[in-house]
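Data block for start-v4.txt (compact mmCIF, N, CA and C atoms):
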```
# COMPACT_ATOMS: atom_id res chain seq x y z
N MET A 26 -220.88 -133.53 -92.11
CA MET A 26 -220.27 -133.98 -93.35
C MET A 26 -221.33 -134.49 -94.32
N LYS A 27 -222.29 -135.24 -93.79
CA LYS A 27 -223.32 -135.79 -94.65
C LYS A 27 -224.22 -134.70 -95.23
N LYS A 28 -224.35 -133.60 -94.53
CA LYS A 28 -225.18 -132.50 -95.01
C LYS A 28 -224.52 -131.76 -96.16
N PHE A 29 -223.21 -131.71 -96.18
CA PHE A 29 -222.48 -130.95 -97.19
C PHE A 29 -222.21 -131.75 -98.46
N LEU A 30 -222.29 -133.05 -98.40
CA LEU A 30 -222.00 -133.89 -99.56
C LEU A 30 -222.97 -133.63 -100.73
N PRO A 31 -224.29 -133.64 -100.52
CA PRO A 31 -225.18 -133.34 -101.66
C PRO A 31 -225.00 -131.92 -102.19
N PHE A 32 -224.78 -130.98 -101.29
CA PHE A 32 -224.58 -129.60 -101.71
C PHE A 32 -223.31 -129.45 -102.55
N SER A 33 -222.24 -130.11 -102.13
CA SER A 33 -221.00 -130.03 -102.89
C SER A 33 -221.12 -130.73 -104.24
N ALA A 34 -221.91 -131.80 -104.30
CA ALA A 34 -222.12 -132.49 -105.58
C ALA A 34 -222.84 -131.58 -106.57
N VAL A 35 -223.83 -130.83 -106.07
CA VAL A 35 -224.56 -129.90 -106.93
C VAL A 35 -223.62 -128.80 -107.43
N LEU A 36 -222.77 -128.30 -106.56
CA LEU A 36 -221.81 -127.27 -106.97
C LEU A 36 -220.85 -127.78 -108.03
N ILE A 37 -220.40 -129.00 -107.89
CA ILE A 37 -219.47 -129.58 -108.87
C ILE A 37 -220.15 -129.73 -110.23
N VAL A 38 -221.38 -130.22 -110.23
CA VAL A 38 -222.10 -130.41 -111.49
C VAL A 38 -222.35 -129.07 -112.16
N CYS A 39 -222.78 -128.08 -111.40
CA CYS A 39 -223.05 -126.75 -111.97
C CYS A 39 -221.76 -126.10 -112.47
N GLY A 40 -220.67 -126.31 -111.79
CA GLY A 40 -219.40 -125.72 -112.19
C GLY A 40 -218.82 -126.35 -113.44
N CYS A 41 -219.19 -127.58 -113.73
CA CYS A 41 -218.63 -128.29 -114.88
C CYS A 41 -219.42 -128.05 -116.17
N GLN A 42 -220.59 -127.47 -116.07
CA GLN A 42 -221.37 -127.23 -117.28
C GLN A 42 -220.67 -126.18 -118.14
N GLN A 43 -220.62 -126.46 -119.43
CA GLN A 43 -219.96 -125.55 -120.36
C GLN A 43 -220.96 -124.56 -120.92
N GLU A 44 -220.49 -123.36 -121.16
CA GLU A 44 -221.31 -122.33 -121.77
C GLU A 44 -221.46 -122.63 -123.26
N VAL A 45 -222.64 -122.39 -123.80
CA VAL A 45 -222.91 -122.63 -125.21
C VAL A 45 -222.21 -121.55 -126.03
N ALA A 46 -221.50 -121.98 -127.06
CA ALA A 46 -220.83 -121.03 -127.95
C ALA A 46 -221.83 -120.59 -129.03
N VAL A 47 -222.28 -119.36 -128.92
CA VAL A 47 -223.25 -118.82 -129.87
C VAL A 47 -222.48 -118.22 -131.05
N PRO A 48 -222.76 -118.67 -132.28
CA PRO A 48 -222.05 -118.13 -133.43
C PRO A 48 -222.45 -116.68 -133.70
N THR A 49 -221.53 -115.93 -134.29
CA THR A 49 -221.81 -114.54 -134.64
C THR A 49 -222.68 -114.49 -135.89
N ALA A 50 -223.24 -113.33 -136.15
CA ALA A 50 -224.08 -113.17 -137.34
C ALA A 50 -223.29 -113.41 -138.61
N GLN A 51 -222.04 -112.96 -138.65
CA GLN A 51 -221.21 -113.16 -139.85
C GLN A 51 -220.93 -114.64 -140.08
N GLU A 52 -220.69 -115.40 -139.02
CA GLU A 52 -220.48 -116.84 -139.16
C GLU A 52 -221.73 -117.52 -139.69
N LEU A 53 -222.88 -117.09 -139.22
CA LEU A 53 -224.14 -117.69 -139.68
C LEU A 53 -224.43 -117.34 -141.13
N ILE A 54 -224.11 -116.11 -141.53
CA ILE A 54 -224.33 -115.70 -142.93
C ILE A 54 -223.44 -116.50 -143.86
N ALA A 55 -222.21 -116.74 -143.44
CA ALA A 55 -221.26 -117.47 -144.27
C ALA A 55 -221.57 -118.97 -144.32
N ASN A 56 -222.25 -119.49 -143.32
CA ASN A 56 -222.52 -120.92 -143.23
C ASN A 56 -224.03 -121.13 -143.15
N ARG A 57 -224.68 -121.29 -144.30
CA ARG A 57 -226.15 -121.40 -144.34
C ARG A 57 -226.69 -122.62 -143.59
N PRO A 58 -226.04 -123.80 -143.65
CA PRO A 58 -226.57 -124.93 -142.85
C PRO A 58 -226.55 -124.63 -141.35
N LEU A 59 -225.52 -123.93 -140.89
CA LEU A 59 -225.45 -123.56 -139.49
C LEU A 59 -226.56 -122.57 -139.15
N LEU A 60 -226.84 -121.63 -140.06
CA LEU A 60 -227.94 -120.68 -139.85
C LEU A 60 -229.27 -121.42 -139.75
N LYS A 61 -229.48 -122.38 -140.62
CA LYS A 61 -230.72 -123.15 -140.59
C LYS A 61 -230.84 -123.94 -139.29
N GLU A 62 -229.74 -124.51 -138.84
CA GLU A 62 -229.74 -125.27 -137.59
C GLU A 62 -230.10 -124.38 -136.40
N TRP A 63 -229.48 -123.20 -136.32
CA TRP A 63 -229.75 -122.29 -135.22
C TRP A 63 -231.15 -121.70 -135.31
N GLN A 64 -231.64 -121.47 -136.53
CA GLN A 64 -233.01 -120.97 -136.69
C GLN A 64 -234.00 -122.00 -136.16
N THR A 65 -233.74 -123.26 -136.44
CA THR A 65 -234.61 -124.33 -135.93
C THR A 65 -234.54 -124.40 -134.41
N LYS A 66 -233.34 -124.27 -133.86
CA LYS A 66 -233.19 -124.29 -132.40
C LYS A 66 -233.97 -123.16 -131.76
N CYS A 67 -233.95 -121.98 -132.37
CA CYS A 67 -234.62 -120.82 -131.79
C CYS A 67 -236.13 -120.83 -132.00
N ASP A 68 -236.58 -121.38 -133.13
CA ASP A 68 -238.02 -121.37 -133.42
C ASP A 68 -238.78 -122.51 -132.74
N THR A 69 -238.25 -123.73 -132.87
CA THR A 69 -239.00 -124.88 -132.35
C THR A 69 -238.15 -125.81 -131.50
N GLY A 70 -236.87 -125.53 -131.37
CA GLY A 70 -235.98 -126.45 -130.68
C GLY A 70 -235.70 -126.08 -129.24
N GLN A 71 -234.47 -126.36 -128.83
CA GLN A 71 -234.11 -126.25 -127.42
C GLN A 71 -234.10 -124.83 -126.88
N TYR A 72 -234.02 -123.81 -127.73
CA TYR A 72 -234.02 -122.42 -127.25
C TYR A 72 -235.37 -121.74 -127.43
N SER A 73 -236.36 -122.44 -127.93
CA SER A 73 -237.66 -121.82 -128.18
C SER A 73 -238.45 -121.57 -126.90
N HIS A 74 -238.11 -122.25 -125.83
CA HIS A 74 -238.87 -122.14 -124.58
C HIS A 74 -238.18 -121.28 -123.53
N LEU A 75 -237.16 -120.53 -123.93
CA LEU A 75 -236.45 -119.69 -122.98
C LEU A 75 -237.28 -118.47 -122.61
N THR A 76 -236.93 -117.86 -121.50
CA THR A 76 -237.63 -116.66 -121.08
C THR A 76 -237.23 -115.48 -121.97
N ALA A 77 -237.97 -114.39 -121.83
CA ALA A 77 -237.71 -113.21 -122.65
C ALA A 77 -236.33 -112.62 -122.39
N GLU A 78 -235.78 -112.80 -121.20
CA GLU A 78 -234.45 -112.28 -120.90
C GLU A 78 -233.35 -113.18 -121.46
N GLN A 79 -233.60 -114.50 -121.51
CA GLN A 79 -232.57 -115.45 -121.95
C GLN A 79 -232.53 -115.63 -123.46
N LYS A 80 -233.65 -115.59 -124.13
CA LYS A 80 -233.71 -115.89 -125.55
C LYS A 80 -232.84 -114.98 -126.41
N PRO A 81 -232.81 -113.65 -126.17
CA PRO A 81 -231.94 -112.80 -127.00
C PRO A 81 -230.46 -113.18 -126.90
N ARG A 82 -230.04 -113.73 -125.79
CA ARG A 82 -228.64 -114.13 -125.63
C ARG A 82 -228.26 -115.23 -126.62
N TYR A 83 -229.20 -116.10 -126.92
CA TYR A 83 -228.92 -117.22 -127.82
C TYR A 83 -229.39 -116.98 -129.25
N CYS A 84 -230.42 -116.18 -129.44
CA CYS A 84 -231.06 -116.10 -130.75
C CYS A 84 -230.94 -114.75 -131.46
N SER A 85 -230.34 -113.75 -130.84
CA SER A 85 -230.28 -112.44 -131.49
C SER A 85 -229.41 -112.47 -132.74
N THR A 86 -228.28 -113.17 -132.71
CA THR A 86 -227.43 -113.23 -133.90
C THR A 86 -228.10 -114.01 -135.01
N THR A 87 -228.90 -115.00 -134.65
CA THR A 87 -229.64 -115.77 -135.66
C THR A 87 -230.64 -114.88 -136.37
N GLU A 88 -231.34 -114.04 -135.61
CA GLU A 88 -232.31 -113.13 -136.22
C GLU A 88 -231.61 -112.11 -137.12
N GLU A 89 -230.46 -111.58 -136.67
CA GLU A 89 -229.71 -110.63 -137.49
C GLU A 89 -229.26 -111.27 -138.80
N ALA A 90 -228.72 -112.48 -138.71
CA ALA A 90 -228.24 -113.17 -139.90
C ALA A 90 -229.39 -113.49 -140.85
N ASN A 91 -230.50 -113.90 -140.31
CA ASN A 91 -231.67 -114.22 -141.13
C ASN A 91 -232.17 -112.99 -141.87
N ILE A 92 -232.20 -111.84 -141.21
CA ILE A 92 -232.61 -110.59 -141.85
C ILE A 92 -231.63 -110.22 -142.96
N SER A 93 -230.33 -110.35 -142.70
CA SER A 93 -229.32 -110.02 -143.70
C SER A 93 -229.42 -110.91 -144.92
N VAL A 94 -229.62 -112.20 -144.70
CA VAL A 94 -229.75 -113.14 -145.82
C VAL A 94 -231.00 -112.83 -146.64
N THR A 95 -232.09 -112.52 -145.97
CA THR A 95 -233.34 -112.19 -146.66
C THR A 95 -233.19 -110.91 -147.47
N GLU A 96 -232.55 -109.90 -146.88
CA GLU A 96 -232.32 -108.64 -147.61
C GLU A 96 -231.41 -108.84 -148.81
N ALA A 97 -230.38 -109.66 -148.66
CA ALA A 97 -229.46 -109.92 -149.77
C ALA A 97 -230.19 -110.65 -150.90
N ALA A 98 -231.05 -111.60 -150.56
CA ALA A 98 -231.80 -112.32 -151.58
C ALA A 98 -232.77 -111.38 -152.30
N ALA A 99 -233.41 -110.49 -151.56
CA ALA A 99 -234.33 -109.53 -152.18
C ALA A 99 -233.58 -108.56 -153.09
N ALA A 100 -232.42 -108.12 -152.66
CA ALA A 100 -231.62 -107.20 -153.48
C ALA A 100 -231.16 -107.90 -154.76
N LYS A 101 -230.76 -109.15 -154.66
CA LYS A 101 -230.34 -109.90 -155.85
C LYS A 101 -231.51 -110.09 -156.80
N SER A 102 -232.68 -110.38 -156.25
CA SER A 102 -233.85 -110.55 -157.09
C SER A 102 -234.21 -109.25 -157.81
N ALA A 103 -234.15 -108.14 -157.09
CA ALA A 103 -234.45 -106.85 -157.71
C ALA A 103 -233.41 -106.50 -158.77
N SER A 104 -232.15 -106.81 -158.51
CA SER A 104 -231.08 -106.55 -159.46
C SER A 104 -231.26 -107.41 -160.72
N ASP A 105 -231.60 -108.68 -160.53
CA ASP A 105 -231.83 -109.56 -161.68
C ASP A 105 -233.01 -109.08 -162.51
N PHE A 106 -234.07 -108.63 -161.85
CA PHE A 106 -235.25 -108.12 -162.56
C PHE A 106 -234.87 -106.87 -163.35
N TYR A 107 -234.12 -105.97 -162.74
CA TYR A 107 -233.70 -104.74 -163.40
C TYR A 107 -232.81 -105.06 -164.60
N ASN A 108 -231.84 -105.96 -164.40
CA ASN A 108 -230.94 -106.33 -165.50
C ASN A 108 -231.69 -106.99 -166.65
N ALA A 109 -232.64 -107.83 -166.33
CA ALA A 109 -233.41 -108.51 -167.38
C ALA A 109 -234.26 -107.54 -168.18
N ASN A 110 -234.75 -106.49 -167.54
CA ASN A 110 -235.62 -105.54 -168.23
C ASN A 110 -234.87 -104.41 -168.91
N THR A 111 -233.61 -104.17 -168.58
CA THR A 111 -232.89 -103.06 -169.20
C THR A 111 -231.93 -103.48 -170.30
N ARG A 112 -231.63 -104.73 -170.38
CA ARG A 112 -230.73 -105.19 -171.45
C ARG A 112 -231.48 -105.26 -172.76
N ARG A 113 -230.83 -104.83 -173.78
CA ARG A 113 -231.43 -104.92 -175.11
C ARG A 113 -231.01 -106.24 -175.74
N LYS A 114 -231.97 -106.81 -176.39
CA LYS A 114 -231.70 -108.11 -177.01
C LYS A 114 -231.48 -107.94 -178.48
```

Can the structure in the file be given as structure tokens, please?
Amino acid sequence: MKKFLPFSAVLIVCGCQQEVAVPTAQELIANRPLLKEWQTKCDTGQYSHLTAEQKPRYCSTTEEANISVTEAAAAKSASDFYNANTRRK
């Protein structure tokens, strides 16, 4: 009985841990503060030290959202530049 008590305690603790809810890329694009928070977690925070197999599980949607936001900003900048240069004053 004494041998099984520590083992059962470890099983109970491991069984009670909750899985992290990773936001989708669309949720991150729609919520910029959340994107910034997850980008920090992936770059320098709690997910920055994960192995190569584990990191994509937590940070792939963050990378997708970051690329989409960057592309949208570049497209808007190019559109603004084009509009400013083609309008007659």

Pick from A:Val45, A:Cys67, A:Glu62, A:Asn110: nearest to Cys84 in chain A, with only N, CA and C atoms counted? A:Cys67

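Using only N, CA and C atoms for every distance, the candidate list A:Asn108, A:Pro58, A:Leu53, A:Ser102 yields A:Leu53 as the residue closest to Thr87 in chain A.
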
For Ala50 in chain A, the closest of A:Glu88, A:Asp105, A:Asp68, A:Glu78 counting only N, CA and C atoms is A:Glu88

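Across the model, the gap from atom N of Glu44 in chain A to CA of Gln79 in chain A is 14.5 Å.
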
Give me, as an mmCIF file with N, CA and C atoms, in the frame of the given file, all polymer residues having an atom no more than 12 Å from Leu59 in chain A, counting only C-alpha atoms and skipping those fewer than 6 positions away in the same chain.
```cif
data_model
loop_
_atom_site.group_PDB
_atom_site.id
_atom_site.type_symbol
_atom_site.label_atom_id
_atom_site.label_comp_id
_atom_site.auth_asym_id
_atom_site.auth_seq_id
_atom_site.Cartn_x
_atom_site.Cartn_y
_atom_site.Cartn_z
ATOM 1 N N VAL A 47 -222.280 -119.360 -128.920
ATOM 2 C CA VAL A 47 -223.250 -118.820 -129.870
ATOM 3 C C VAL A 47 -222.480 -118.220 -131.050
ATOM 4 N N PRO A 48 -222.760 -118.670 -132.280
ATOM 5 C CA PRO A 48 -222.050 -118.130 -133.430
ATOM 6 C C PRO A 48 -222.450 -116.680 -133.700
ATOM 7 N N THR A 49 -221.530 -115.930 -134.290
ATOM 8 C CA THR A 49 -221.810 -114.540 -134.640
ATOM 9 C C THR A 49 -222.680 -114.490 -135.890
ATOM 10 N N ALA A 50 -223.240 -113.330 -136.150
ATOM 11 C CA ALA A 50 -224.080 -113.170 -137.340
ATOM 12 C C ALA A 50 -223.290 -113.410 -138.610
ATOM 13 N N GLN A 51 -222.040 -112.960 -138.650
ATOM 14 C CA GLN A 51 -221.210 -113.160 -139.850
ATOM 15 C C GLN A 51 -220.930 -114.640 -140.080
ATOM 16 N N GLU A 52 -220.690 -115.400 -139.020
ATOM 17 C CA GLU A 52 -220.480 -116.840 -139.160
ATOM 18 C C GLU A 52 -221.730 -117.520 -139.690
ATOM 19 N N LEU A 53 -222.880 -117.090 -139.220
ATOM 20 C CA LEU A 53 -224.140 -117.690 -139.680
ATOM 21 C C LEU A 53 -224.430 -117.340 -141.130
ATOM 22 N N THR A 65 -233.740 -123.260 -136.440
ATOM 23 C CA THR A 65 -234.610 -124.330 -135.930
ATOM 24 C C THR A 65 -234.540 -124.400 -134.410
ATOM 25 N N LYS A 66 -233.340 -124.270 -133.860
ATOM 26 C CA LYS A 66 -233.190 -124.290 -132.400
ATOM 27 C C LYS A 66 -233.970 -123.160 -131.760
ATOM 28 N N THR A 86 -228.280 -113.170 -132.710
ATOM 29 C CA THR A 86 -227.430 -113.230 -133.900
ATOM 30 C C THR A 86 -228.100 -114.010 -135.010
ATOM 31 N N THR A 87 -228.900 -115.000 -134.650
ATOM 32 C CA THR A 87 -229.640 -115.770 -135.660
ATOM 33 C C THR A 87 -230.640 -114.880 -136.370
ATOM 34 N N ALA A 90 -228.720 -112.480 -138.710
ATOM 35 C CA ALA A 90 -228.240 -113.170 -139.900
ATOM 36 C C ALA A 90 -229.390 -113.490 -140.850
ATOM 37 N N ASN A 91 -230.500 -113.900 -140.310
ATOM 38 C CA ASN A 91 -231.670 -114.220 -141.130
ATOM 39 C C ASN A 91 -232.170 -112.990 -141.870
#
```

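Taking atom N of Lys61 in chain A and atom N of Lys80 in chain A as the two end points, the separation is 18.3 Å.
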
Please compute the atom C of Ala46 in chain A-CA of Tyr83 in chain A distance, one decimal, in Å. 7.9 Å
